[in-house]
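I have placed the structure first, in the form of structure tokens, so that the comments after it can refer back to it.
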Protein chains: 2
Amino acid sequence: MHATEMIKEIPLFKGLSEDVLSRLESRARVRRLEEGETYLSAGQPPRAFCVVLNGQLKFYRVNKAGKEQVFGYAGPHDVFGLTSLTNPYRAMPVSCIARTATEIAEIDLPSIRELMHREPALAVAILTEQGKRYSSMLDLVDQLSLKDAHNRLASWLDTWVTENHPDAGDNELMLVLPYTQSEIAAQIGTVREVVSRGFSRMEKEGILKASGKRVTLLSRKRLRQMAEA
Amino acid sequence: MHATEMIKEIPLFKGLSEDVLSRLESRARVRRLEEGETYLSAGQPPRAFCVVLNGQLKFYRVNKAGKEQVFGYAGPHDVFGLTSLTNPYRAMPVSCIARTATEIAEIDLPSIRELMHREPALAVAILTEQGKRYSSMLDLVDQLSLKDAHNRLASWLDTWVTENHPDAGDNELMLVLPYTQSEIAAQIGTVREVVSRGFSRMEKEGILKASGKRVTLLSRKRLRQMAEA
DNA sequence: ATCATTTCAGTGGCGTGCATCGAGGTGGGT
DNA sequence: ACCCACCTCGATGCACGCCACTGAAATGAT
């Protein structure tokens with residue numbers, strides 16, 4: 001099947017008519033990104049509405065001192081470029097880089113905008129997606145402002161587990177994190193060493209056993225407890 | 001005129017047909033809040049889509065230690081409850097309290113939802129609004145994670161000036177801030193003392209003269225400079 | 001108006017969480 | 001076996017949160 005076929009299957013577009021989906025697909029162009037390639041830099045004008053076909057992207061900002069804050073990742077079936085739809089003149093708020101080799105489908109902004117005005121279902125779907133992101137950003141602010149670094153790490157790990165092992169019970173759990181400690185640090189707004197010390201402390205307290213990316217979670221309950229403070 | 005007449009005039013609903021506006025208005029109920037009255041607490045089920053008729057509301061969260069983070073304010077013509085439109089089962093993400101005596105118009109969720117599905121213009125308008133909020137939340141994360149407290153204060157003051165004195169040139173500018181230092185602190189994720197010291201430091205550096213809520217801005221350029229680091 | 005009470009602002013001191021630096025240790029990949 | 005990226009951990013300094021106190025300003029009652 002053609003690469004852009006996948007557009008028809010993404011959750012965001014579920015419920016749209018075949019006709020609309022075909023129009024969307026016909027307007028899409030595939031773009032390949034190498035690992036580590038920058039797709040967009042913060043401050044640039046927006047380019048397109050995008051669907052990730054495969055691979056993984058990272059969204060982030062960097063301050064003058066070089067510290068990086070990660071705002072999120074996008075994988076297959078995810079979309080991005082939502083804010084460009086309604087605010088075409090605003091510069092890109094974040095930078096975007098390919099974490100692995102990645103293919104994306106670019107849909108030009110005018111055509112999806114026009115479609116959105118004719119298909120309320122599409123507009124509502126996009127609004128729903130945007131609402132979710134808003135909530136997760138609220139949570140991030142909440143954490144950065146109201147919790148200390150150890151809490152944030154525990155909280156991060158807890159939500160990572162719920163997302164990636166939703167079926168796990170309360171028993172021991174072997175994990176292999178797909179991020180380095182530096183990457184985790186950039187997500188929770190701190191530095192590598194603090195993440196390392198955080199794992200050490202949780203190990204001391206008997207919550208888990210950690211060695212590098214390999215983590216054995218001993219007590220989910222106590223992890224959650226630590227995350228909530 | 002009837003209180004809810006104002007619904008027809010708010011920016012969000014600009015461009016909607018008279019028919020639609022009347023329907024919206026007919027579904028609205030006015031609610032009075034005393035100063036300091038809590039309208040919604042974080043965690044409660046969503047109540048309605050709301051328009052602020054007059055007064056001012058504050059949106060915030062508090063952690064267990066009692067520290068408060070303000071996410072924003074809403075004044076006349078502003079709306080809130082956007083996330084409830086698309087995620088009806090999600091609990092309210094933030095608490096809401098009346099900073100002054102306030103009147104709001106509540107529009108029940110089902111009717112505006114139904115309207116949104118029939119009127120793409122409304123859906124797009126709401127999406128646009130949501131996009132703006134998402135961006136401002138991004139900025140807040142950016143600041144909390146990437147800037148120190150003094151930067152955040154300078155940055156906060158700078159954006160406050162641009163919003164409230166857009167016509168001001170580069171010359172001296174007398175300001176009266178409508179917030180106490182504690183309130184400013186809660187917005188930028190720090191404590192009162194740091195705000196006080198921040199103003200002192202900016203005064204030492206010749207950026208402004210401060211005494212209480214009264215601030216004389218001397219160099220807008222240097223303020224912006226300080227905000228960007 | 002005057003005074004009392006409360007809220008707010010300015011400032012020093014102090015403890016601590018965390019960022020920075022530096023020196024190893026470890027493991028995976030070629 | 002080697003290298004290179006990643007992780008561990010101690011030492012140190014600084015920013016910032018917390019406490020305590022003082023004075024100023026606002027608010028309210030008489």
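If you're wondering about the labels, chains in the structure tokens are A, B, ... by order shown, residues count from 1 in each chain, ligands from 1 in order shown.
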
Please build the interface table for chain A against chain D with a cut-off of 10 Å, listing for each qualifying residue the nearest atom pair and the distance in Å to one decimal; count only C-alpha atoms (C1' of nucleotides), order rows by chain and increasing number, and write it as a Markdown table.
| residue | atom | partner | partner_atom | distance |
| --- | --- | --- | --- | --- |
| A:Thr180 | CA | D:DC6 | C1' | 7.7 |
| A:Gln181 | CA | D:DC7 | C1' | 8.3 |
| A:Ser182 | CA | D:DC6 | C1' | 9.1 |
| A:Arg192 | CA | D:DC7 | C1' | 9.2 |
| A:Glu193 | CA | D:DT8 | C1' | 8.5 |
| A:Ser196 | CA | D:DT8 | C1' | 7.3 |
| A:Arg197 | CA | D:DT8 | C1' | 8.3 |
| A:Ser200 | CA | D:DT8 | C1' | 9.2 |
| A:Ser211 | CA | D:DC7 | C1' | 8.4 |
| A:Gly212 | CA | D:DC7 | C1' | 6.5 |
| A:Lys213 | CA | D:DC7 | C1' | 9.5 |

Please find the residues of chain B near chain A - the criterion being any atom within 7 Å, counting only C-alpha atoms - and write them as a PyMOL selection string. chain B and resi 63-64+67+69+83+86+117-121+123-124+127-128+131+134+137-138+141+144-146+189+229

Closest contacts (chain A/chain C, max 9 Å, only C-alpha atoms (C1' of nucleotides)) as CSV:
residue,atom,partner,partner_atom,distance
A:Asp148,CA,C:DG17,C1',8.2
A:Ala149,CA,C:DC18,C1',8.4
A:Thr190,CA,C:DC18,C1',8.5
A:Val191,CA,C:DA19,C1',7.6
A:Val194,CA,C:DC18,C1',7.8

What parts of region 9-214 of chain A does DSSP call alpha helix (DSSP H)? I'd like the answer as a ChimeraX atom specification. /A:18-26,82-86,109-118,120-146,149-164,181-188,192-204

Write out as a PyMOL selection string the set of residues from region 27-186 of chain B that DSSP, computed on the backbone, places in strand (DSSP E or B). chain B and resi 28-33+38-40+49-54+57-62+68-74+79-80+95-98+102-107+173-176
